[in-house]
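Colleague: Below is a structure I'd like to ask you about.
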Amino acid sequence: MAKTMARQEKIERFDRRQALELLGDLPMGQLMNLAHQERTRRFPNDTVTFVVDTNPNYTNVCVTGCAFCAFCRKNGDTDTYLLSPLEVAEKVETAAAKGATTVLLQGGHNPKVGLRDWQAYIAAIRSVCPQVHIHPFSPAEIAFMAEKEKCSVSDVLEMLWDAGIRTIPGGGAEILTEPVRKIIAPRKATTDQWLDVCEKAHRIGFRTTATMMFGHVETDEDIVEHLLRLRNLQDLTSGFTSFIPWSFKPGRTPLAKKVRHQAHPARYVRIIAVARLVLDNFPHIQSSWFSESISAGQLGLLAGADDFGGVLVEEHVHKEAGHNRQATVDNVVTIIQRAGFIPARRDSLYRIQETLAPPVPAGAAGL
Ligand code: SF4
């Protein structure tokens, strides 16, 4: 591992073996320190960004049935829903009144929803909240839509581009290896399909995020493979804005029969640190107060992350799994400050809109 650290000092790229050593072997303090050094080199001003967003899922009907999902419902279940464009627009209007500047719009893979419905959602939101940035439809949803509409992925992406969409959320990546996907999401877009949608989107001009959901049946090798597949694509397109890991929440999911406990926060912090070091071509790494916990989110900021995700006005997917957290903008600002950083509100392209107060003095009461 001393050799690994020496390579990093020369700012050479970590290879697969070294990435595995970082993830599995390097003592926590050294790993966090290395990642924090790299984060400080890239962002010397200690700013941590966040966005105020809302996540109204337009339908909970889904035919894909991932084993880790507590949100989806089958047609015929008693509590299915499909929002109309007007209902989605009203939700966004309510969130905008509370300060949301971005709407992350996603839904289940519902065969009754077509491209025209997607266009109608976008148009309805625009008509009531033209100032809100629309960040819609994951690569997995786009692959499903292309199959359903019997058109190409490029056709779907071009429709979104023509509708004025410029960023796409990187959901549905889970773990980008087939052995894992066959267990947790056998009917979802494959690794190659997910990456293909991102590549095509980047080449059109979209910017996307990339997610990873860990803490279930994956191995360290799977995690490193996931990171390397993302890094390889980013070398080609430079289209990813950020990497967003989150841990599997067993809750009421079918996968809970096999995996009973959420990954330890230390695992989350290690993954953030390894991502900062291995994803050397990704501008931003996100640590989240929401998906993990306030303290794990703060530790992530000391392990290489420079972004704190969203202050979610509305969210359902984690809530359905029994993971229900809420915070205000003031809470998030304070959490970032207490970790020793300067909070800054950003947009969905990670451009800083407003830098807020400097860190609180040492000794001030914690949250
Ligand atoms: S994670 Fe998405 S695609 Fe998978 S079952 Fe849930 S809603 Fe459907």
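Chain identifiers are assigned as A, B, and so on, following the order in which chains appear in the structure tokens; residues are numbered from 1 within each chain, and ligands are numbered from 1 in order of appearance.
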As a PDB file with N, CA and C atoms, in the first residue's frame, please: the residues near Arg345 in chain A (cut-off 10 Å, only C-alpha atoms, same-chain neighbours under 2 positions excluded).
Modeller:
ATOM      1  N   THR A  47     -15.465  24.786  -0.201  1.00  0.00           N
ATOM      2  CA  THR A  47     -16.902  24.925  -0.446  1.00  0.00           C
ATOM      3  C   THR A  47     -17.556  23.542  -0.573  1.00  0.00           C
ATOM      4  N   VAL A  48     -18.731  23.395  -0.005  1.00  0.00           N
ATOM      5  CA  VAL A  48     -19.549  22.185  -0.189  1.00  0.00           C
ATOM      6  C   VAL A  48     -20.892  22.628  -0.770  1.00  0.00           C
ATOM      7  N   THR A  49     -21.229  22.057  -1.901  1.00  0.00           N
ATOM      8  CA  THR A  49     -22.444  22.487  -2.596  1.00  0.00           C
ATOM      9  C   THR A  49     -23.645  21.616  -2.229  1.00  0.00           C
ATOM     10  N   PHE A  50     -24.825  22.191  -2.430  1.00  0.00           N
ATOM     11  CA  PHE A  50     -26.083  21.439  -2.288  1.00  0.00           C
ATOM     12  C   PHE A  50     -27.110  22.091  -3.207  1.00  0.00           C
ATOM     13  N   VAL A  51     -28.190  21.338  -3.481  1.00  0.00           N
ATOM     14  CA  VAL A  51     -29.255  21.866  -4.334  1.00  0.00           C
ATOM     15  C   VAL A  51     -30.586  21.653  -3.606  1.00  0.00           C
ATOM     16  N   VAL A  52     -31.504  22.579  -3.803  1.00  0.00           N
ATOM     17  CA  VAL A  52     -32.842  22.384  -3.227  1.00  0.00           C
ATOM     18  C   VAL A  52     -33.714  21.789  -4.324  1.00  0.00           C
ATOM     19  N   ASP A 307     -19.818  17.597  -2.494  1.00  0.00           N
ATOM     20  CA  ASP A 307     -21.225  17.942  -2.713  1.00  0.00           C
ATOM     21  C   ASP A 307     -22.069  17.212  -1.676  1.00  0.00           C
ATOM     22  N   PHE A 308     -23.162  17.864  -1.247  1.00  0.00           N
ATOM     23  CA  PHE A 308     -23.987  17.300  -0.178  1.00  0.00           C
ATOM     24  C   PHE A 308     -25.378  16.939  -0.666  1.00  0.00           C
ATOM     25  N   GLY A 310     -29.135  16.867  -2.295  1.00  0.00           N
ATOM     26  CA  GLY A 310     -30.314  17.727  -2.348  1.00  0.00           C
ATOM     27  C   GLY A 310     -31.001  17.876  -1.006  1.00  0.00           C
ATOM     28  N   VAL A 329     -33.424  23.798   4.441  1.00  0.00           N
ATOM     29  CA  VAL A 329     -32.192  24.403   3.925  1.00  0.00           C
ATOM     30  C   VAL A 329     -31.318  24.846   5.102  1.00  0.00           C
ATOM     31  N   VAL A 333     -27.465  23.695   5.753  1.00  0.00           N
ATOM     32  CA  VAL A 333     -26.390  24.699   5.860  1.00  0.00           C
ATOM     33  C   VAL A 333     -25.626  24.494   7.168  1.00  0.00           C
ATOM     34  N   PRO A 343     -20.992  26.272   2.999  1.00  0.00           N
ATOM     35  CA  PRO A 343     -22.098  25.813   2.153  1.00  0.00           C
ATOM     36  C   PRO A 343     -22.351  26.739   0.970  1.00  0.00           C
ATOM     37  N   ASP A 347     -26.794  24.746  -8.885  1.00  0.00           N
ATOM     38  CA  ASP A 347     -27.855  24.274  -9.771  1.00  0.00           C
ATOM     39  C   ASP A 347     -27.528  22.842 -10.209  1.00  0.00           C
ATOM     40  N   TYR A 350     -24.109  21.965 -11.341  1.00  0.00           N
ATOM     41  CA  TYR A 350     -23.103  22.169 -10.303  1.00  0.00           C
ATOM     42  C   TYR A 350     -22.476  23.556 -10.353  1.00  0.00           C
ATOM     43  N   ARG A 351     -23.195  24.509 -10.941  1.00  0.00           N
ATOM     44  CA  ARG A 351     -22.712  25.899 -10.929  1.00  0.00           C
ATOM     45  C   ARG A 351     -23.194  26.538  -9.633  1.00  0.00           C
ATOM     46  N   ILE A 352     -22.267  27.190  -8.941  1.00  0.00           N
ATOM     47  CA  ILE A 352     -22.626  27.781  -7.648  1.00  0.00           C
ATOM     48  C   ILE A 352     -23.500  29.016  -7.875  1.00  0.00           C
ATOM     49  N   GLN A 353     -24.648  29.035  -7.171  1.00  0.00           N
ATOM     50  CA  GLN A 353     -25.584  30.164  -7.275  1.00  0.00           C
ATOM     51  C   GLN A 353     -25.387  31.158  -6.137  1.00  0.00           C
ATOM     52  N   GLU A 354     -25.045  30.615  -4.966  1.00  0.00           N
ATOM     53  CA  GLU A 354     -24.941  31.496  -3.805  1.00  0.00           C
ATOM     54  C   GLU A 354     -24.070  30.816  -2.750  1.00  0.00           C
ATOM     55  N   THR A 355     -23.038  31.522  -2.315  1.00  0.00           N
ATOM     56  CA  THR A 355     -22.220  30.991  -1.221  1.00  0.00           C
ATOM     57  C   THR A 355     -22.764  31.554   0.071  1.00  0.00           C
ATOM     58  N   LEU A 356     -22.907  30.671   1.071  1.00  0.00           N
ATOM     59  CA  LEU A 356     -23.551  31.107   2.315  1.00  0.00           C
ATOM     60  C   LEU A 356     -22.486  31.402   3.382  1.00  0.00           C
TER      61      LEU A 356
END
Colleague: Would you list the residues that come within 6 Å of ligand 1? Count only C-alpha atoms and all ligand atoms and give the answer as a ChimeraX atom specification.
Modeller: /A:62,64-66,69,71-72,108-109
Colleague: Compare A:Asn57, A:Ala263, A:Lys150, A:Ala303 by their minimum atom-to-atom distance to Leu277 in chain A, counting only C-alpha atoms, and give me the closest one.
Modeller: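 Under the stated criterion, the closest residue is A:Ala303.
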Colleague: For Val128 in chain A, work out the shell of residues within 9 Å, counting only C-alpha atoms and skipping chain neighbours fewer than 5 positions away, then give it as a ChimeraX atom specification.
Modeller: /A:89-90,92-93,123
Colleague: Please produce a file of the residues just selected, as a tab-separated table (two decimals), in the first residue's frame, where the atoms kept are C-alpha atoms.
Modeller:
chain	number	residue	atom	x	y	z
A	89	ALA	CA	-47.03	20.42	-12.18
A	90	GLU	CA	-48.95	21.25	-9.00
A	92	VAL	CA	-43.56	21.13	-8.53
A	93	GLU	CA	-45.31	24.46	-7.98
A	123	ALA	CA	-44.68	20.95	-20.79
Colleague: With only C-alpha atoms as the basis for distance, which of A:Thr208, A:Thr328, A:Gln37, A:Gln119 is at the shortest distance from Ser84 in chain A?
Modeller: A:Gln119
Colleague: Which one of A:Cys151, A:Phe137, A:Val311, A:Leu160 sits closest to Thr54 in chain A if you count only C-alpha atoms?
Modeller: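 Distance minimum relative to Thr54 in chain A lands on A:Val311.
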Colleague: DSSP on the backbone, alpha helix (DSSP H) only: what residues of range 60-187 of chain A does that give? Format it as a VMD selection string.
Modeller: chain A and resid 85 to 97 115 to 128 139 to 149 153 to 162 178 to 184
Colleague: Rounded to one decimal in Å, what is the spacing between CA of Lys249 in chain A and CA of Gln262 in chain A?
Modeller: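 Between these atoms lies a distance of 5.5 Å.
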Colleague: Just how far from CA of Thr211 in chain A is CA of Leu312 in chain A, in Å to one decimal?
Modeller: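 Rounded to one decimal, the two atoms are 16.9 Å apart.
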Colleague: Of the candidates A:Ala70, A:Leu233, A:Ala124, A:Leu176, which shows the shortest atom-to-atom distance to Glu221 in chain A, using only C-alpha atoms?
Modeller: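 For Glu221 in chain A, the nearest of the candidates is A:Leu176.
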Colleague: Find the residues around Leu23 in chain A up to 12 Å (only C-alpha atoms counted), leave out those fewer than 5 positions away in its own chain, and share them as a PyMOL selection string.
Modeller: chain A and resi 1+14+16-18+28+30-32+35+219-224+227+266-278
Colleague: Would you please extract all strand (DSSP E or B) residues from range 60-220 of chain A, as assigned by DSSP on the backbone, and give them as a list in words?
Modeller: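 The residues of range 60-220 of chain A classed as strand (DSSP E or B) are Val61, Arg73, Leu82, Thr102, Val103, Leu104, Leu105, His133, Ile134, His135, Pro136, Thr167, Ile168, Arg207, Thr208, Thr209, Ala210, Thr211, Met212, Met213 and Phe214 of chain A.
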Colleague: For the residues in that selection, give me N, CA and C atoms as a PDB file, in the first residue's frame.
Modeller:
ATOM      1  N   VAL A  61     -46.338   2.330 -10.553  1.00  0.00           N
ATOM      2  CA  VAL A  61     -46.538   1.055 -11.261  1.00  0.00           C
ATOM      3  C   VAL A  61     -45.253   0.720 -12.005  1.00  0.00           C
ATOM      4  N   ARG A  73     -45.263  -0.963  -7.479  1.00  0.00           N
ATOM      5  CA  ARG A  73     -46.492  -1.734  -7.327  1.00  0.00           C
ATOM      6  C   ARG A  73     -46.803  -2.385  -8.666  1.00  0.00           C
ATOM      7  N   LEU A  82     -50.926   6.862 -10.924  1.00  0.00           N
ATOM      8  CA  LEU A  82     -50.283   7.460 -12.096  1.00  0.00           C
ATOM      9  C   LEU A  82     -50.721   8.919 -12.107  1.00  0.00           C
ATOM     10  N   THR A 102     -34.965  22.671  -8.624  1.00  0.00           N
ATOM     11  CA  THR A 102     -34.805  21.546  -9.540  1.00  0.00           C
ATOM     12  C   THR A 102     -35.864  20.494  -9.241  1.00  0.00           C
ATOM     13  N   VAL A 103     -36.406  19.882 -10.291  1.00  0.00           N
ATOM     14  CA  VAL A 103     -37.284  18.730 -10.065  1.00  0.00           C
ATOM     15  C   VAL A 103     -36.631  17.501 -10.689  1.00  0.00           C
ATOM     16  N   LEU A 104     -36.381  16.495  -9.841  1.00  0.00           N
ATOM     17  CA  LEU A 104     -35.837  15.224 -10.301  1.00  0.00           C
ATOM     18  C   LEU A 104     -37.053  14.327 -10.543  1.00  0.00           C
ATOM     19  N   LEU A 105     -37.392  14.132 -11.806  1.00  0.00           N
ATOM     20  CA  LEU A 105     -38.646  13.450 -12.152  1.00  0.00           C
ATOM     21  C   LEU A 105     -38.348  12.020 -12.624  1.00  0.00           C
ATOM     22  N   HIS A 133     -35.563  23.926 -12.965  1.00  0.00           N
ATOM     23  CA  HIS A 133     -34.785  23.049 -13.855  1.00  0.00           C
ATOM     24  C   HIS A 133     -35.381  21.642 -13.801  1.00  0.00           C
ATOM     25  N   ILE A 134     -35.664  21.073 -14.952  1.00  0.00           N
ATOM     26  CA  ILE A 134     -36.257  19.722 -14.996  1.00  0.00           C
ATOM     27  C   ILE A 134     -35.139  18.716 -15.297  1.00  0.00           C
ATOM     28  N   HIS A 135     -34.982  17.769 -14.386  1.00  0.00           N
ATOM     29  CA  HIS A 135     -33.863  16.806 -14.394  1.00  0.00           C
ATOM     30  C   HIS A 135     -34.529  15.419 -14.426  1.00  0.00           C
ATOM     31  N   PRO A 136     -34.947  14.961 -15.629  1.00  0.00           N
ATOM     32  CA  PRO A 136     -35.848  13.812 -15.655  1.00  0.00           C
ATOM     33  C   PRO A 136     -35.281  12.513 -16.237  1.00  0.00           C
ATOM     34  N   THR A 167     -30.069  17.940 -18.513  1.00  0.00           N
ATOM     35  CA  THR A 167     -29.405  17.036 -17.554  1.00  0.00           C
ATOM     36  C   THR A 167     -30.330  15.850 -17.262  1.00  0.00           C
ATOM     37  N   ILE A 168     -29.699  14.710 -16.976  1.00  0.00           N
ATOM     38  CA  ILE A 168     -30.437  13.458 -16.732  1.00  0.00           C
ATOM     39  C   ILE A 168     -29.868  12.835 -15.450  1.00  0.00           C
ATOM     40  N   ARG A 207     -25.661  16.392 -19.725  1.00  0.00           N
ATOM     41  CA  ARG A 207     -24.792  16.051 -18.609  1.00  0.00           C
ATOM     42  C   ARG A 207     -25.601  15.145 -17.677  1.00  0.00           C
ATOM     43  N   THR A 208     -24.961  14.095 -17.180  1.00  0.00           N
ATOM     44  CA  THR A 208     -25.666  13.153 -16.304  1.00  0.00           C
ATOM     45  C   THR A 208     -24.851  12.913 -15.040  1.00  0.00           C
ATOM     46  N   THR A 209     -25.552  12.446 -14.009  1.00  0.00           N
ATOM     47  CA  THR A 209     -24.845  11.957 -12.836  1.00  0.00           C
ATOM     48  C   THR A 209     -24.665  10.445 -12.994  1.00  0.00           C
ATOM     49  N   ALA A 210     -23.969   9.837 -12.062  1.00  0.00           N
ATOM     50  CA  ALA A 210     -23.844   8.371 -12.031  1.00  0.00           C
ATOM     51  C   ALA A 210     -24.033   7.928 -10.590  1.00  0.00           C
ATOM     52  N   THR A 211     -24.924   6.967 -10.387  1.00  0.00           N
ATOM     53  CA  THR A 211     -25.181   6.501  -9.022  1.00  0.00           C
ATOM     54  C   THR A 211     -24.561   5.119  -8.803  1.00  0.00           C
ATOM     55  N   MET A 212     -24.556   4.700  -7.561  1.00  0.00           N
ATOM     56  CA  MET A 212     -24.209   3.304  -7.241  1.00  0.00           C
ATOM     57  C   MET A 212     -24.951   2.933  -5.956  1.00  0.00           C
ATOM     58  N   MET A 213     -25.662   1.820  -5.963  1.00  0.00           N
ATOM     59  CA  MET A 213     -26.312   1.340  -4.751  1.00  0.00           C
ATOM     60  C   MET A 213     -25.583   0.083  -4.286  1.00  0.00           C
ATOM     61  N   PHE A 214     -24.988   0.180  -3.112  1.00  0.00           N
ATOM     62  CA  PHE A 214     -24.139  -0.906  -2.614  1.00  0.00           C
ATOM     63  C   PHE A 214     -24.745  -1.451  -1.304  1.00  0.00           C
TER      64      PHE A 214
END
Colleague: Which of these residues is nearest to Lys148 in chain A, using only C-alpha atoms: A:Val63, A:Gln106, A:Gln193, A:Gly164?
Modeller: A:Val63
Colleague: Would you pick out the contacts of range 152-156 of chain A at 7 Å or less, using only C-alpha atoms, so that residues sharing its chain but fewer than 5 positions from it are not included, and give the list as a PyMOL selection string?
Modeller: chain A and resi 142-143+146+197+200
Colleague: Between CA of Gly107 in chain A and CA of Asn75 in chain A, what is the spacing in Å?
Modeller: 14.2 Å
Colleague: Using only C-alpha atoms, which residue out of A:Gly340, A:Pro139, A:Gly99, A:Gly215 lies closest to Leu195 in chain A?
Modeller: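 Answer, going by the shortest atom-to-atom distance: A:Pro139.
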